[in-house]
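Comments concern the structure below.
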Amino acid sequence: MKLGCHVSIAGSIDKAVDRAQEIGCNTFQVFTRSPRMWRHREFRQEEIEAFKRKRGDAGIDPVFSHMPYLPNLSSSNPEPYRKSVDSLRLELTRCNLLDIPFLVTHLGSHLGKGLDIGIKQIVNAIDTAISGLDQHPIILLENTSGKTNEVGSTFEELRTIIDSVSTERIGVCFDTCHAFARGYDISTQEGIDSTLRGIEETMGFNRIQLVHLNDSKGELGSRLDRHNHIGVGQIGEDGFRQFLRSKFKSKPLILETPVDDFRSDTGNLEKVRKLAA
């Protein structure tokens, strides 16, 4: 089982590998820069080399990068949209420098302009960002919880984006909290089976390249994007026990559980291993 956490890059990007190793990850996810700022620091060549060397020595694979929070690829507001597209392009090039093969992106909000407009903006953003690049990591569209004006909360919406972009290097990051909040009941075997059928009938299970493994503070269908510790939320221990015995277990699993005093990342990793056993 490929299991890991989102880890910090504080100090330098290569320290993420150290932190992942310390808590027993065999895969991990990072922000390559501050997720709450537009500006960024360029990598030093020595930290790029250290990241690659440490990752190779540790045998950790695959590794995922996550887009910052600020970009909104669905926006129709010209200046924020331009900055969002530039941010996606920058992140693609940073992944290329680090040999990170996957980039997860949120899809954003159409801000009341309508779903069709939002999808059109996302497709244009991706096509613009990859233009002229000889190579780029596989872009993973993360499903959303379906809050007002959000794009990408259903498999049908994700399929439309996948079919419309000009690259085949596109896939899906399936977030368990977001899916549950949107109404996909992955807390029961029947619901998991129904969810898998829905995936196969729309985009195909092979499009899922990553699972964000998070419990949900919100109830089924609440559209509330609030993560909880594994087994503590509305999906619950029984739900995750069933989920971790399904086809989803074949995909890399990355925890994005809360940072608080209730349970550490190590504790959540141990809980997942226990439920999967």
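Labels used: A, B, ... for chains in the order of the structure tokens, numbers from 1 for residues in each chain, and numbers from 1 for ligands as shown.
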
Surrounding residues of Gly24 (chain A) excluding itself and chain neighbours under 4 positions, 9 Å, only C-alpha atoms, as a PDB file with C-alpha atoms, in the first residue's frame:
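Saved result, around17.pdb, follows:
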ATOM      1  CA  LEU A   3       0.582   5.631   2.009  1.00  0.00           C
ATOM      2  CA  GLY A   4       1.843   9.052   3.001  1.00  0.00           C
ATOM      3  CA  ARG A  19      10.138  14.481   7.143  1.00  0.00           C
ATOM      4  CA  ALA A  20       8.345  11.885   5.046  1.00  0.00           C
ATOM      5  CA  THR A 266       1.866   9.362  12.558  1.00  0.00           C
ATOM      6  CA  LEU A 269      -1.016   6.706   9.348  1.00  0.00           C
TER       7      LEU A 269
END

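Within 12 Å of Phe205 (chain A), once only C-alpha atoms are used and residues closer than 3 positions along the same chain are dropped, the contacting residues are A:Phe155, A:Arg159, A:Gly171, A:Val172, A:Cys173, A:Phe174, A:Thr195, A:Leu196, A:Arg197, A:Gly198, A:Ile199, A:Glu200, A:Glu201, A:Thr202, A:Ile208, A:Gln209, A:Leu210, A:Val211, A:Lys247, A:Phe248, A:Ser250, A:Lys251.
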
Enter the distance from CA of Ser164 (chain A) to CA of Thr176 (chain A), in Å, rounded to one decimal.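 So the two atoms, CA of Ser164 (chain A) and CA of Thr176 (chain A), lie 25.0 Å apart.
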
Within 10 Å of Asp260 (chain A), counting only C-alpha atoms, which residues show up once you throw out same-chain ones fewer than 4 positions away? Write them as a JSON list (two decimals) with C-alpha atoms, in the first residue's frame, please.
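Saved to result.json:
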[["chain", "number", "residue", "atom", "x", "y", "z"],
["A", 229, "HIS", "CA", -9.05, 12.61, 11.39],
["A", 264, "SER", "CA", -0.62, 13.39, 14.82],
["A", 265, "ASP", "CA", 0.14, 12.47, 11.21]]

Contacts of region 205-256 of chain A with region 65-79 of chain A up to 12 Å, shortest pair per row, only C-alpha atoms, as JSON lines:
{"residue": "A:Leu210", "atom": "CA", "partner": "A:Ser65", "partner_atom": "CA", "distance": 11.4}
{"residue": "A:His212", "atom": "CA", "partner": "A:His66", "partner_atom": "CA", "distance": 11.4}
{"residue": "A:Ile254", "atom": "CA", "partner": "A:Ser65", "partner_atom": "CA", "distance": 11.4}
{"residue": "A:Glu256", "atom": "CA", "partner": "A:His66", "partner_atom": "CA", "distance": 11.5}

Residue list (strand (DSSP E or B), DSSP) for region 130-211 of chain A, as a VMD selection string: chain A and resid 138 to 142 150 170 to 175 208 to 211

Residues of region 113-196 of chain A at most 8 Å from region 237-240 of chain A: nearest atom pair and distance in Å, only C-alpha atoms, as JSON lines:
{"residue": "A:Ile186", "atom": "CA", "partner": "A:Gly239", "partner_atom": "CA", "distance": 6.6}
{"residue": "A:Ser187", "atom": "CA", "partner": "A:Gly239", "partner_atom": "CA", "distance": 3.8}
{"residue": "A:Thr188", "atom": "CA", "partner": "A:Gly239", "partner_atom": "CA", "distance": 5.6}
{"residue": "A:Gln189", "atom": "CA", "partner": "A:Gly239", "partner_atom": "CA", "distance": 7.8}

Hey, what does DSSP flag as helix (DSSP H, G or I) within region 187-238 of chain A? Can you give it to me as number ranges by chain? A: 189-202, 205-207, 236-238

Give me, as a list in words, all polymer residues having an atom no more than 7 Å from Arg245 (chain A), counting only C-alpha atoms and skipping those fewer than 4 positions away in the same chain. Arg241, Lys249 and Ala276 of chain A

Would you put the residues from that selection into a file with N, CA and C atoms, as an mmCIF file, in the first residue's frame?
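again.cif written:
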data_model
loop_
_atom_site.group_PDB
_atom_site.id
_atom_site.type_symbol
_atom_site.label_atom_id
_atom_site.label_comp_id
_atom_site.auth_asym_id
_atom_site.auth_seq_id
_atom_site.Cartn_x
_atom_site.Cartn_y
_atom_site.Cartn_z
ATOM 1 N N ARG A 241 -12.721 1.197 6.798
ATOM 2 C CA ARG A 241 -12.346 -0.216 6.727
ATOM 3 C C ARG A 241 -12.806 -0.818 5.401
ATOM 4 N N LYS A 249 -7.751 1.137 -2.749
ATOM 5 C CA LYS A 249 -6.508 0.843 -2.038
ATOM 6 C C LYS A 249 -5.326 0.683 -2.990
ATOM 7 N N ALA A 276 -6.808 -1.050 7.362
ATOM 8 C CA ALA A 276 -6.571 -1.759 6.089
ATOM 9 C C ALA A 276 -6.133 -3.202 6.301
#

In Å to one decimal, how far is CA of Ala10 (chain A) from CA of Leu98 (chain A)?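 So the two atoms, CA of Leu98 (chain A) and CA of Ala10 (chain A), lie 16.2 Å apart.
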
Residue neighbourhood Asp99 (chain A), 12 Å, only C-alpha atoms, exclusion window fewer than 5 positions, as an NGL selection string: :A and (48-49 or 51-53 or 55-56 or 61-65 or 91-94 or 135-138)

For N, CA and C atoms, I'd like the residues from the last selection saved as a PDB file, in the first residue's frame.
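Below is the file that was written, part.pdb:
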ATOM      1  N   ILE A  48      17.648  21.454  -5.237  1.00  0.00           N
ATOM      2  CA  ILE A  48      17.048  20.601  -6.268  1.00  0.00           C
ATOM      3  C   ILE A  48      17.772  19.264  -6.310  1.00  0.00           C
ATOM      4  N   GLU A  49      19.099  19.325  -6.337  1.00  0.00           N
ATOM      5  CA  GLU A  49      19.900  18.098  -6.384  1.00  0.00           C
ATOM      6  C   GLU A  49      19.712  17.266  -5.121  1.00  0.00           C
ATOM      7  N   PHE A  51      17.061  17.212  -3.156  1.00  0.00           N
ATOM      8  CA  PHE A  51      15.715  16.619  -3.190  1.00  0.00           C
ATOM      9  C   PHE A  51      15.721  15.345  -4.022  1.00  0.00           C
ATOM     10  N   LYS A  52      16.298  15.411  -5.198  1.00  0.00           N
ATOM     11  CA  LYS A  52      16.328  14.243  -6.076  1.00  0.00           C
ATOM     12  C   LYS A  52      17.153  13.116  -5.460  1.00  0.00           C
ATOM     13  N   ARG A  53      18.300  13.465  -4.886  1.00  0.00           N
ATOM     14  CA  ARG A  53      19.174  12.445  -4.303  1.00  0.00           C
ATOM     15  C   ARG A  53      18.501  11.757  -3.117  1.00  0.00           C
ATOM     16  N   ARG A  55      15.341  11.597  -2.345  1.00  0.00           N
ATOM     17  CA  ARG A  55      14.176  10.833  -2.758  1.00  0.00           C
ATOM     18  C   ARG A  55      14.592   9.498  -3.369  1.00  0.00           C
ATOM     19  N   GLY A  56      15.637   9.528  -4.195  1.00  0.00           N
ATOM     20  CA  GLY A  56      16.135   8.296  -4.785  1.00  0.00           C
ATOM     21  C   GLY A  56      16.687   7.342  -3.747  1.00  0.00           C
ATOM     22  N   ASP A  61       8.239   6.825  -3.805  1.00  0.00           N
ATOM     23  CA  ASP A  61       7.656   7.046  -5.123  1.00  0.00           C
ATOM     24  C   ASP A  61       6.217   6.556  -5.116  1.00  0.00           C
ATOM     25  N   PRO A  62       5.291   7.303  -5.732  1.00  0.00           N
ATOM     26  CA  PRO A  62       5.490   8.594  -6.395  1.00  0.00           C
ATOM     27  C   PRO A  62       5.439   9.749  -5.405  1.00  0.00           C
ATOM     28  N   VAL A  63       5.760  10.935  -5.905  1.00  0.00           N
ATOM     29  CA  VAL A  63       5.667  12.172  -5.139  1.00  0.00           C
ATOM     30  C   VAL A  63       4.707  13.102  -5.870  1.00  0.00           C
ATOM     31  N   PHE A  64       3.939  13.856  -5.096  1.00  0.00           N
ATOM     32  CA  PHE A  64       2.921  14.745  -5.658  1.00  0.00           C
ATOM     33  C   PHE A  64       3.164  16.176  -5.188  1.00  0.00           C
ATOM     34  N   SER A  65       2.951  17.109  -6.097  1.00  0.00           N
ATOM     35  CA  SER A  65       2.923  18.521  -5.735  1.00  0.00           C
ATOM     36  C   SER A  65       1.469  18.984  -5.758  1.00  0.00           C
ATOM     37  N   GLU A  91       4.042  26.282 -11.530  1.00  0.00           N
ATOM     38  CA  GLU A  91       4.096  25.037 -10.763  1.00  0.00           C
ATOM     39  C   GLU A  91       4.480  23.856 -11.647  1.00  0.00           C
ATOM     40  N   LEU A  92       4.013  23.869 -12.895  1.00  0.00           N
ATOM     41  CA  LEU A  92       4.410  22.823 -13.825  1.00  0.00           C
ATOM     42  C   LEU A  92       5.916  22.824 -14.048  1.00  0.00           C
ATOM     43  N   THR A  93       6.496  24.007 -14.188  1.00  0.00           N
ATOM     44  CA  THR A  93       7.937  24.095 -14.428  1.00  0.00           C
ATOM     45  C   THR A  93       8.724  23.716 -13.171  1.00  0.00           C
ATOM     46  N   ARG A  94       8.213  24.035 -12.003  1.00  0.00           N
ATOM     47  CA  ARG A  94       8.889  23.651 -10.761  1.00  0.00           C
ATOM     48  C   ARG A  94       8.860  22.133 -10.579  1.00  0.00           C
ATOM     49  N   GLN A 135       7.602  18.969 -21.850  1.00  0.00           N
ATOM     50  CA  GLN A 135       7.039  17.946 -20.980  1.00  0.00           C
ATOM     51  C   GLN A 135       6.374  18.637 -19.795  1.00  0.00           C
ATOM     52  N   HIS A 136       5.472  17.931 -19.153  1.00  0.00           N
ATOM     53  CA  HIS A 136       4.871  18.462 -17.940  1.00  0.00           C
ATOM     54  C   HIS A 136       4.333  17.307 -17.116  1.00  0.00           C
ATOM     55  N   PRO A 137       4.248  17.493 -15.806  1.00  0.00           N
ATOM     56  CA  PRO A 137       3.701  16.425 -14.967  1.00  0.00           C
ATOM     57  C   PRO A 137       2.243  16.166 -15.313  1.00  0.00           C
ATOM     58  N   ILE A 138       1.761  15.022 -14.911  1.00  0.00           N
ATOM     59  CA  ILE A 138       0.344  14.721 -15.081  1.00  0.00           C
ATOM     60  C   ILE A 138      -0.453  15.635 -14.157  1.00  0.00           C
TER      61      ILE A 138
END

So how many Å separate CA of Ser246 (chain A) and CA of Gly191 (chain A), to one decimal?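 We find that CA of Ser246 (chain A) and CA of Gly191 (chain A) lie 11.4 Å from each other.
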
Residue neighbourhood Val85 (chain A), 10 Å, only C-alpha atoms, exclusion window fewer than 5 positions, as a list in words: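 Residues near the query, excluding close chain neighbours: Pro71, Asn72, Leu73, Pro80, Leu90, Glu91, Gln121, Ile122, Asn124, Ala125, Ile126, Asp127, Thr128, Ala129 and Ile130 of chain A.
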
Counting only C-alpha atoms, the residue of A:Leu275, A:Leu213, A:Ile170, A:Cys95 that sits nearest Cys5 (chain A): A:Leu213
